[in-house]
Each structure stands twice: as structure tokens, then as C-alpha cells.
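These notes are about the structure you will find just below.
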Amino acid sequence: MKKKIAALLVCAMAGAAILGGCGSDETAGSASAESEGEVITAAVVLAATDYDVTDYVTLMDGYMNLSVEISSDYEVTDEDVQEYIESYVLPYYPQYAESDKTTVEDGDTVNIDYVGTIDGEEFDGGSAEGYDLEIGSDSFIDGFEDGLIGAEVGSTLDLNLTFPDDYSTEELAGQAVVFTVTINSIVEEQTLTYDEITDDYVAETFSSYGFTTVDDLIADITSSLESSYESSKESEIQSGIMEQLEEGCTVTLPDGLLDERVAATIADIESYAEESDMEYMDYVYNYYGYDDEDEFSEYVSETLEEQLIQELILEAVVADQDISITTDDLAEFVDSYVSYYGYDDAEAFYEAYGGEEYVQLGFAENRALNLLMESAEVTVAETAEE
């Protein structure tokens with residue numbers, strides 16, 4: 001049994017420590033989405049396994065009418081947006097004002113224009129205007145920042161430097177370069193509060209992102225938070241559903257399935273270690289935090305056992321609800337994964353995860369989970385008033 005894709009394609013079953021996270025596609029994942037293309041029936045989808053799931057799972061009564069209580073309504077408030085801006089925008093995108101200093105000293109922040117040339121020709125990425133540089137931050141190659149110390153505001157100077165031999169851009173490594181630098185001003189960082197943000201600040205700082213007003217910035221952050229909150233909400237609902245199903249359903253693992261999944265996972269990790277030119281346990285320690293091989297093997301086994309139980313429950317739902325999928329929806333779903341994870345094409349993706357029939361099964365399990373979410377009654381836990 002080669003199946004190893006199903007959990008990857010079902011967000012609630014990600015098994016992140018071993019198999020990595022998963023994305024979502026609302027259209028592809030929705031059980032009620034309209035679609036066209038060839039229909040792949042539940043019977044065909046379930047034929048990817050060499051067992052009859054109904055022999056191993058007894059679904060709990062009322063599994064299509066579960067009640068799930070979540071901790072929050074996950075609504076984005078003005079306070080959430082303000083807190084985000086205060087925590088993740090203002091500290092990292094400060095505003096600068098010109099000071100009355102005229103001579104550059106170590107520790108100053110200078111506003112500069114610079115042009116980099118090699119053999120008299122400008123090179124990509126070597127020029128900028130209005131750049132704020134803290135002297136001593138080591139943001140530039142050796143000699144650049146030190147070469148500005150003692151320069152006067154309004155002056156222009158040439159810095160004859162050499163890129164390091166191990167510079168990240170191969171074509172520049174070891175090259176002699178001349179930076180022509182103009183000192184526009186010496187500036188001082190201004191601490192802004194949320195209420196002090198202006199359109200001018202947003203335009204100066206975020207115009208490259210397409211934001212020119214405070215309203216633009218707030219709208220974008222609100223949209224990002226809404227997406228993040230919705231993902232968290234879905235994850236909590238999924239977890240609540242699967243927890244109840246694990247408690248209420250009777251599941252027996254087919255003989256040998258867990259052992260095969262464990263062996264395949266360990267083999268994959270060994271392969272990743274070899275590709276990284278690392279010893280197996282060094283890789284395990286770096287990526288999973290385990291320094292004892294037996295303890296790590298036990299962790300893998302326990303994680304995969306729970307994952308398999310969840311997969312079998314969803315397969316049983318596919319069978320009981322006779323959930324079919326379409327080739328168009330499947331193709332759209334696979335394309336999103338191919339793009340996100342950088343596979344060459346769908347065939348490469350299928351090959352990496354056990355073949356097309358196993359991807360179909362994982363997609364059908366995803367459909368089953370979404371059907372359970374759609375049918376569940378979701379309530380928000382009451383919180384004590386402060």
C-alpha cells in the first residue's frame with residue numbers, strides 16, 4: 001500500500017512535523033461547489049486502497065450533525081488592526097526627519113543616493129536614491145559605511161571597494177566596484193504612534209507596495225488578518241470535528257498499514273538527510289528536536305497512527321455519503337499545489353505522492369471534511385465579562 005498523500009491534502013490531518021502543512025482551495029474543497037468535468041465516483045476513489053474501509057470503521061450516530069464550540073468569533077476588530085500596525089509596521093518602518101548635523105559620524109543614519117559601477121558600467125541592484133543607511137549596521141560591503149564617516153552633508157564621494165569572494169551574487173563576487181555616494185542629509189528616527197500615521201508616511205514608506213494612504217494600509221492589513229483569522233477558525237472547527245469523530249467512531253487499522261506508513265516515512269526522512277549531506281540523527285535533531293532514535297521512531301509511529309485513524313474515518317464518510325469528485329476540480333486543486341510547492345507539473349506532483357489515484361483519494365477525504373464542516377452547528381464559547 002503506497003498511500004501517503006491523503007493526510008497532506010487534508011488540512012486537519014497535516015501531521016506537520018512529518019509531512020508538512022497543507023494549503024486550501026475553497027472552490028476545490030467545498031462539497032457544494034458547482035463543477036464540470038468527468039465524475040469520479042466514490043467507489044472508484046476508494047479503490048485506491050487494498051482494503052474495504054467499511055470493514056474497519058463504524059461511524060458514530062449523528063456524525064453529520066455535530067456541534068462544535070470554538071473559542072472566538074474570529075472577527076477582525078479595529079483594535080486588532082491597530083495592534084498589528086503597532087507591533088509589526090511602526091517598529092520596522094520608522095519615519096526619519098532631517099537633523100541639524102552636518103558631518104557623518106559612526107551610528108548616524110544618513111540619507112544617501114548612490115550609484116555602483118564596475119569597469120565604468122552600472123550593475124543591477126547597485127544604485128538607489130533617498131536610501132536611509134545606519135552607519136555601523138554592516139548593511140553594505142566592507143568599507144562602504146566606514147567610507148562615509150567624516151563626510152559632509154551635500155558632498156559626493158567615490159568609494160573604491162571590492163565585493164567579497166564569497167558574495168551571494170556570483171557575478172559580483174571578488175569584483176572591484178566604485179560607489180559614487182551623495183550625502184543628502186543626516187536624519188533621526190522618529191517614533192510614531194498609531195494616531196500619528198499620515199498619508200505622507202504611508203506614501204513614502206509603502207508606495208512600492210501600492211499603498212499611498214492610511215486607508216490603503218489599513219484595508220490591506222484588515223484583509224490579511226481576515227484571511228489569517230478565517231484559516232484559524234476553519235482549523236479549530238476541523239479539530240473539533242475530528243476530535244469528536246475519533247472519540248465516537250470505532251476504528252481498527254488494517255494489518256500492516258501502520259508499519260508500512262512508518263517505514264515509508266522513516267525512509268523519506270533518511271533520503272532527505274542524505275540529500276542534505278547530513279547524518280540521519282543529525283537531521284532528525286535539527287528538524288524534529290529528537291536526539292534518541294527510538295524516541296523519534298515512537299513519535300513517528302504515534303503521529304502516523306492518529307493520522308491513519310483520521311484518514312480512515314474520512315474514507316468511511318466518503319463511502320457512507322457516496323462522495324464523488326470531478327476531474328476539473330481535481331485538476332484545479334492539483335495545479336494550486338504544483339504552483340505553491342514548485343513542482344514542474346502535475347505528473348511530478350503525482351509521482352511524489354504515490355500516484356494519481358492516491359491524490360484523488362486525498363482530495364475526496366478533503367471533500368468529506370468540508371461536508372462535515374458545512375453540516376456542523378458551530379457556536380462561539382461565552383467569555384466572562386471583565
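Ordered as shown in the C-alpha cells, chains take letters A, B, and onward, while each chain numbers its residues from 1 and ligands are numbered from 1 in the order shown.
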* Leaving out A:Asn160 and any residue of its chain fewer than 3 positions from it, which residues lie within 7 Å of it when counting only C-alpha atoms, given as a PyMOL selection string? -> chain A and resi 177-179
Create the file for the chosen residues now, containing N, CA and C atoms and written as a PDB file, in the first residue's frame.
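This went into selection_20.pdb:
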```pdb
ATOM      1  N   VAL A 177      34.660  47.522  -7.377  1.00  0.00           N
ATOM      2  CA  VAL A 177      33.480  48.346  -7.627  1.00  0.00           C
ATOM      3  C   VAL A 177      33.745  49.764  -7.153  1.00  0.00           C
ATOM      4  N   VAL A 178      33.125  50.719  -7.811  1.00  0.00           N
ATOM      5  CA  VAL A 178      33.167  52.116  -7.377  1.00  0.00           C
ATOM      6  C   VAL A 178      31.741  52.545  -7.056  1.00  0.00           C
ATOM      7  N   PHE A 179      31.525  52.964  -5.805  1.00  0.00           N
ATOM      8  CA  PHE A 179      30.241  53.526  -5.414  1.00  0.00           C
ATOM      9  C   PHE A 179      30.389  55.046  -5.334  1.00  0.00           C
TER      10      PHE A 179
END
```
Closest atom pairs, stretch 48-106 of chain A residues within 9 Å of stretch 227-235 of chain A, only C-alpha atoms, as JSON lines:
```
{"residue": "A:Ile70", "atom": "CA", "partner": "A:Lys233", "partner_atom": "CA", "distance": 7.7}
{"residue": "A:Ser71", "atom": "CA", "partner": "A:Lys233", "partner_atom": "CA", "distance": 8.9}
{"residue": "A:Ser72", "atom": "CA", "partner": "A:Lys233", "partner_atom": "CA", "distance": 8.0}
{"residue": "A:Asp73", "atom": "CA", "partner": "A:Lys233", "partner_atom": "CA", "distance": 7.8}
{"residue": "A:Tyr74", "atom": "CA", "partner": "A:Tyr229", "partner_atom": "CA", "distance": 5.5}
{"residue": "A:Glu75", "atom": "CA", "partner": "A:Tyr229", "partner_atom": "CA", "distance": 7.4}
{"residue": "A:Val76", "atom": "CA", "partner": "A:Tyr229", "partner_atom": "CA", "distance": 7.6}
```
* Just give me the gap between atom CA of A:Thr103 and atom CA of A:Glu145 in Å, one decimal is fine. => 13.6 Å
* **Interatomic distance (Å, one decimal) between atom CA of A:Glu246 and atom CA of A:Gly354** =>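 Pair atom CA of A:Glu246 / atom CA of A:Gly354 returns 25.9 Å.
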* Nearest candidate to A:Leu148 (options A:Thr162, A:Ala128, A:Leu253, A:Ile112; using only C-alpha atoms) ->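 Among the listed residues, the smallest separation from A:Leu148 belongs to A:Ile112.
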